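Report on the structure given below.
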Amino acid sequence: MTNDILILSNGPGEVTTWVRPVVKALRQQLGSDRAVFRISIILSPCPNATGKEAQIVQSYPEVDRVQGAQHFFPFLLWGKTAGNWDWRDRGVVVFLGGDQFFPVVIGSRLGYRTVIYAEWDARWHRWIDRFGVMKPSIIAKAPKKYRHKLTVVGDLMADVARGSKGAGELGELGEQGKLGELGELGELRELTQNPVLEGSEGSTLNTSQIEWIGLLPGSKPAKLIQGVPLGLAIAEHIHKVRPQTRFLIPVAPTLDLPTLARFADPQENPLIQKLGWGRARLVMLDGGDEGDEGDEGDEGDEGDEGGFSNIGVTKNDSSETRPYSQNQVSLSEVSTLFRAGFEPKLSSLTKQNSLNPPLHSILKMASGVTVELITEFPAHEILSQCCLCLTTVGANTAELGSLGVPMIVLLPTQQLDAMRAWDGLPGLLARLPGVGTSFAKLINWLILQQKRLFAWPNIWAKAEIVPEVVGQLKPQDVAQLVLEYLEHPEKLEDMRSRLRAVRGESGAAQKLAQLVQEELTHPQPPMTNDK
C-alpha cells in the first residue's frame with residue numbers, strides 16, 4: 001500500500017527545528033522505501049523567511065519533493081502545485097508551521113487524515129484528527145469533547161538541544177590546528193583553527209579551560225548598528241579578566257560577512273566613534289595556517305580602524321551544505337540607517353560581497369581578541385555548547401530558551417530612534433519617511449516605561465528567568481554581570497534548569513511520527529474534489 005505524507009511548514013526556525021527531526025523520525029519508523037512512503041514538503045509564506053527555506057529542506061535526504069512558499073496560495077485555493085504533483089489515495093497532512101487552518105482545507109481536499117504539532121495553542125479541534133502538543137496545559141484549554149484528540153509529545157526543540165555536544169567538546173574544536181571533520185558534528189565542521197588563544201601570546205590552554213560566549217546582535221541594521229560594537233566592547237572587557245573565554249557570532253543566513261563587518265568599522269558606523277564601543281576588521285581565512293594571507297599584516301591592526309585591507313578567500317564552495325545569502329542590505333533597511341545617521345559606503349564592499357563564504361572567518365580587534373563568525377545554519381549545535389549568550393530582543397531569545405542556553409538580554413537605548421523593528425502599527429509609524437524618527441523615539445520611550453518583559457522565555461514564564469538589561473548600557477557594566485555568572489556556574493545551571501522547565505520534554509519527533517503512523521491506519525475521509 002502506498003502512502004503520501006504531506007508536511008506543511010513555513011519559516012527558517014520551523015524547517016530546521018521541527019521539520020528536520022520529524023522527517024528523520026518518520027523515515028526511521030516508516031522505512032526508506034519511497035514507493036511505500038513518500039514525504040512532500042509545501043512551504044507557506046512567513047514574515048521571517050530568509051528565502052532559503054526550500055533550499056534547506058531540499059538538502060534533507062528523507063524528503064522526496066519540496067515546493068517553495070511563492071507557490072503556496074494556488075495550492076491552497078485550487079489544489080494546484082507548481083510541478084503538477086500527483087497524490088496517492090492514502091496519506092496524512094502534518095502541520096509543522098504556518099496557520100493551523102491550512103491543514104483543515106488541504107486535508108479535506110486531498111482526503112487525507114490531519115495531524116497538527118501545537119507548541120502553544122491547538123485550534124480547529126472539530127476538523128483536525130490528531131494533535132501532538134508540547135505541554136499538558138494545551139490539552140487543559142481544549143473543549144472536553146475533543147481532548148481525546150490531543151496527545152502530549154513534548155518539545156521538538158528539546159530534541160535539538162539533547163543531540164548537541166557538551167561545552168567541553170566545543171573547547172576541543174577550538175584547539176584544533178587545522179580544519180577538518182569534527183566527528184559526529186560532521187555538518188558543523190571547521191568551527192575554528194586557531195591553536196593559540198588570542199590574548200595569551202605564545203601559550204595554549206587546556207581545552208577544559210576554554211569557555212564560549214555567543215554574541216547575537218540580531219540580523220537587522222536597526223539592531224546591528226548598536227549590537228555589534230556593544231558586543232565587541234563587552235568581549236574585550238571579559239577577555240581581559242578571563243583570557244580563556246572565546247566568542248562567536250552565528251551569522252543570519254540573510255546577512256553576508258562584509259555587511260556584518262561594516263557595523264564594526266568606525267568609518268562606517270558613527271556610533272563607534274560617538275560611544276567609544278568596540279571596533280574590528282573582517283578576516284577571511286582560506287583554510288591555511290595562521291600565517292596565511294588572511295592574517296598578513298596583523299602588526300598593523302592598531303592603525304587599521306576596522307578596514308577591509310586584509311582578507312583571505314576560501315577556495316572551497318560549501319554552499320550546498322551551508323545555505324548562505326550574498327544579498328546586500330535592502331533599500332528599505334539602508335533608508336533606516338540613513339535616518340539613524342548611518343551612511344554606508346556600498347562601493348567599498350562591492351568586490352567583497354561577490355566572494356564565496358569562507359570556511360573560517362573572524363572579526364579581529366586591535367587588542368587581538370577575535371570573534372568567530374559561524375555561517376552554518378542553523379547553528380543550534382554550536383549555540384547549545386555556549387556557557388552563556390548575549391542577545392538582543394526578538395526571536396533569538398526564543399531559540400536560546402528552547403535550547404536551554406543561559407542568556408543575558410540586552411536592550412541598549414543610546415540611540416533610541418534606531419529601534420524600529422516593532423510589529424504592527426508602532427512599527428509602521430516608526431518607519432514613516434520624515435516623521436519616523438520622532439515616532440520611533442516616542443514609541444520606544446513609551447514601551448520602555450511599561451516595564452514589560454521582552455525576552456520570550458520570560459514572557460512564557462511570566463517572570464524574569466533570564467536577565468534583561470535595558471537602558472544606557474556601558475560595556476564594562478555588562479561585562480561585570482557576565483563575569484559574575486561565569487564565576488558562579490551554579491547560577492548558570494539554575495538559569496538553564498528554569499529555561500528547560502518552561503518548555504516540554506524531549507523525544508517529540510518520535511512520538512509525533514508515531515501519531516502519523518497511527519493515522520495512516522485509519523479509514524481515509526472522502527476528498528472534496530479531484531486531486
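All residue names refer to the C-alpha cells as shown: chains lettered A, B, ... in order, residues numbered from 1 in each chain, ligands numbered from 1 in order.
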Neighbours of Trp127 (chain A) within 10 Å (only C-alpha atoms; same-chain residues fewer than 3 positions away dropped), as a ChimeraX atom specification? /A:101,103-105,107-108,113-114,123-124,130
How close does each residue of region 383-410 of chain A get to region 240-252 of chain A, giving the shortest atom pair and distance in Å to one decimal for every residue with an atom at most 12 Å away, counting only C-alpha atoms, sorted by chain and residue number, as CSV?
residue,atom,partner,partner_atom,distance
A:Leu383,CA,A:Pro250,CA,8.1
A:Ser384,CA,A:Pro250,CA,11.8
A:Gln385,CA,A:Leu248,CA,11.2
A:Cys386,CA,A:Phe247,CA,9.0
A:Cys387,CA,A:Thr245,CA,10.0
A:Leu388,CA,A:Phe247,CA,10.1
A:Cys389,CA,A:Phe247,CA,9.3
A:Leu390,CA,A:Ile249,CA,9.9
A:Thr391,CA,A:Ile249,CA,10.1
A:Ala395,CA,A:Ala252,CA,11.8
A:Asn396,CA,A:Pro250,CA,10.5
A:Leu400,CA,A:Pro250,CA,12.0
Write to file, as a tab-separated table (two decimals), in the first residue's frame, the residues of the selection just made, with N, CA, C and O atoms.
chain	number	residue	atom	x	y	z
A	383	LEU	N	25.44	26.74	19.35
A	383	LEU	CA	24.87	27.57	20.41
A	383	LEU	C	24.65	26.76	21.69
A	383	LEU	O	24.83	27.28	22.80
A	384	SER	N	24.27	25.51	21.54
A	384	SER	CA	24.00	24.67	22.71
A	384	SER	C	25.25	24.43	23.53
A	384	SER	O	25.16	24.04	24.70
A	385	GLN	N	26.40	24.66	22.96
A	385	GLN	CA	27.65	24.42	23.66
A	385	GLN	C	28.20	25.68	24.32
A	385	GLN	O	29.23	25.63	25.00
A	386	CYS	N	27.53	26.81	24.14
A	386	CYS	CA	27.96	28.05	24.79
A	386	CYS	C	27.53	28.03	26.25
A	386	CYS	O	26.41	27.61	26.58
A	387	CYS	N	28.40	28.52	27.12
A	387	CYS	CA	28.03	28.59	28.53
A	387	CYS	C	27.08	29.75	28.78
A	387	CYS	O	26.32	29.74	29.76
A	388	LEU	N	27.09	30.75	27.88
A	388	LEU	CA	26.24	31.93	28.04
A	388	LEU	C	26.18	32.66	26.71
A	388	LEU	O	27.13	32.62	25.93
A	389	CYS	N	25.06	33.31	26.44
A	389	CYS	CA	24.92	34.12	25.24
A	389	CYS	C	24.45	35.53	25.61
A	389	CYS	O	23.67	35.70	26.57
A	390	LEU	N	24.93	36.51	24.88
A	390	LEU	CA	24.44	37.88	24.98
A	390	LEU	C	23.63	38.15	23.74
A	390	LEU	O	24.14	38.06	22.62
A	391	THR	N	22.36	38.47	23.89
A	391	THR	CA	21.47	38.56	22.75
A	391	THR	C	20.60	39.80	22.81
A	391	THR	O	20.32	40.32	23.90
A	395	ALA	N	13.42	36.96	18.22
A	395	ALA	CA	13.34	35.51	18.06
A	395	ALA	C	14.56	34.79	18.62
A	395	ALA	O	14.47	33.61	18.98
A	396	ASN	N	15.70	35.49	18.70
A	396	ASN	CA	16.90	34.86	19.28
A	396	ASN	C	16.63	34.35	20.69
A	396	ASN	O	17.13	33.29	21.09
A	400	LEU	N	17.22	30.48	21.91
A	400	LEU	CA	18.12	30.12	23.00
A	400	LEU	C	17.36	29.48	24.15
A	400	LEU	O	17.83	28.52	24.77
Counting only C-alpha atoms, which residue out of A:Gln58, A:Thr2, A:Gln267, A:Ser137 sits closest to Ala122 (chain A)? A:Ser137
For Gly401 (chain A), find every residue with an atom within 12 Å (counting only C-alpha atoms), except residues of its own chain fewer than 3 positions away, and show them as a PyMOL selection string. chain A and resi 155+157-158+160-161+380+383-384+388-389+391+394-398+404-409+455-461+465-466+495-504
Can you tell me, as a CSV table (one decimal) with N, CA, C and O atoms, in the first residue's frame, what residues are no more than 10 Å from Gly154 (chain A) when counting only C-alpha atoms, ignoring any on the same chain fewer than 4 positions away?
chain,number,residue,atom,x,y,z
A,117,TYR,N,1.2,19.7,15.0
A,117,TYR,CA,2.0,19.9,16.1
A,117,TYR,C,1.7,21.2,16.7
A,117,TYR,O,1.9,22.3,16.0
A,118,ALA,N,1.2,21.3,18.0
A,118,ALA,CA,0.8,22.5,18.6
A,118,ALA,C,1.8,22.8,19.7
A,118,ALA,O,1.9,22.1,20.7
A,119,GLU,N,2.6,23.9,19.5
A,119,GLU,CA,3.5,24.3,20.5
A,119,GLU,C,2.9,25.1,21.7
A,119,GLU,O,3.3,24.8,22.8
A,132,GLY,N,-0.5,16.7,18.3
A,132,GLY,CA,0.7,16.4,19.2
A,132,GLY,C,1.1,17.7,19.8
A,132,GLY,O,1.5,18.6,19.1
A,133,VAL,N,0.9,17.8,21.1
A,133,VAL,CA,1.1,19.1,21.8
A,133,VAL,C,2.4,19.1,22.7
A,133,VAL,O,2.9,18.0,23.1
A,134,MET,N,2.9,20.3,22.9
A,134,MET,CA,4.2,20.4,23.6
A,134,MET,C,4.0,20.1,25.1
A,134,MET,O,4.8,19.4,25.8
A,135,LYS,N,2.9,20.7,25.7
A,135,LYS,CA,2.7,20.6,27.2
A,135,LYS,C,1.3,20.2,27.5
A,135,LYS,O,0.3,20.5,26.7
A,136,PRO,N,1.0,19.6,28.7
A,136,PRO,CA,-0.3,19.2,29.1
A,136,PRO,C,-1.3,20.4,29.2
A,136,PRO,O,-2.5,20.3,29.1
A,158,ALA,N,13.6,20.6,22.1
A,158,ALA,CA,14.4,19.9,23.1
A,158,ALA,C,15.2,18.8,22.5
A,158,ALA,O,16.3,18.5,23.0
A,159,ASP,N,14.7,18.2,21.4
A,159,ASP,CA,15.5,17.2,20.7
A,159,ASP,C,16.8,17.8,20.1
A,159,ASP,O,17.8,17.1,20.0
A,503,ARG,N,9.6,24.8,28.9
A,503,ARG,CA,9.4,24.1,27.6
A,503,ARG,C,8.9,22.7,27.9
A,503,ARG,O,8.6,22.3,29.1
A,504,GLY,N,8.8,21.8,26.9
A,504,GLY,CA,8.3,20.5,27.1
A,504,GLY,C,9.5,19.5,27.1
A,504,GLY,O,10.6,19.8,27.1
A,505,GLU,N,9.1,18.2,27.2
A,505,GLU,CA,10.1,17.1,27.3
A,505,GLU,C,10.6,16.8,25.9
A,505,GLU,O,10.1,17.2,24.9
A,506,SER,N,11.8,16.1,25.9
A,506,SER,CA,12.4,15.7,24.6
A,506,SER,C,11.7,14.4,24.1
A,506,SER,O,10.8,13.8,24.7
A,507,GLY,N,12.1,14.0,22.9
A,507,GLY,CA,11.5,12.8,22.2
A,507,GLY,C,10.3,13.1,21.4
A,507,GLY,O,9.6,12.2,21.0
A,508,ALA,N,10.0,14.4,21.2
A,508,ALA,CA,8.8,14.8,20.5
A,508,ALA,C,8.7,14.2,19.1
A,508,ALA,O,7.6,13.9,18.6
A,509,ALA,N,9.8,14.2,18.4
A,509,ALA,CA,9.8,13.8,16.9
A,509,ALA,C,9.4,12.4,16.8
A,509,ALA,O,8.5,12.1,15.9
A,510,GLN,N,9.9,11.5,17.6
A,510,GLN,CA,9.5,10.1,17.5
A,510,GLN,C,8.0,9.9,17.9
A,510,GLN,O,7.3,9.1,17.3
A,511,LYS,N,7.5,10.6,18.9
A,511,LYS,CA,6.1,10.5,19.3
A,511,LYS,C,5.2,11.1,18.2
A,511,LYS,O,4.1,10.5,18.0
A,512,LEU,N,5.6,12.1,17.6
A,512,LEU,CA,4.8,12.7,16.5
A,512,LEU,C,4.8,11.8,15.3
A,512,LEU,O,3.7,11.6,14.7
Might you pull out every residue within 9 Å of Asp89 (chain A), with only C-alpha atoms counted and same-chain residues fewer than 2 positions away left off, and present them as a CSV table (one decimal) with N, CA and C atoms, in the first residue's frame?
chain,number,residue,atom,x,y,z
A,2,THR,N,0.6,2.2,-0.9
A,2,THR,CA,1.4,3.4,-1.0
A,2,THR,C,0.7,4.5,-0.2
A,3,ASN,N,1.6,5.4,0.4
A,3,ASN,CA,1.1,6.5,1.2
A,3,ASN,C,1.8,7.8,0.9
A,4,ASP,N,1.1,8.9,1.0
A,4,ASP,CA,1.8,10.2,1.0
A,4,ASP,C,1.7,10.9,2.3
A,87,TRP,N,-1.0,12.7,-6.4
A,87,TRP,CA,-1.2,12.4,-5.0
A,87,TRP,C,-1.8,11.0,-4.9
A,91,GLY,N,-3.0,9.1,2.8
A,91,GLY,CA,-2.0,10.0,3.2
A,91,GLY,C,-2.4,10.7,4.5
A,110,LEU,N,-7.6,16.8,-0.2
A,110,LEU,CA,-6.9,15.6,-0.6
A,110,LEU,C,-7.5,14.3,-0.1
A,111,GLY,N,-8.4,14.4,0.9
A,111,GLY,CA,-9.0,13.3,1.5
A,111,GLY,C,-8.0,12.6,2.4
A,112,TYR,N,-7.1,13.3,3.1
A,112,TYR,CA,-6.1,12.8,4.0
A,112,TYR,C,-6.5,13.1,5.4
A,524,GLN,N,-9.6,6.7,5.4
A,524,GLN,CA,-9.3,8.0,4.9
A,524,GLN,C,-10.7,8.7,4.7
With only C-alpha atoms as the counted atoms, please give the residues lying no more than 12 Å from Phe37 (chain A), apart from itself and same-chain residues fewer than 3 positions off, as a PyMOL selection string. chain A and resi 1-6+23+26-34+40+62-64+87-92+516-517+520
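Among the candidates A:Ile213, A:Leu224, A:Leu486, A:Val15, the one nearest to Phe377 (chain A) when counting only C-alpha atoms is A:Val15.
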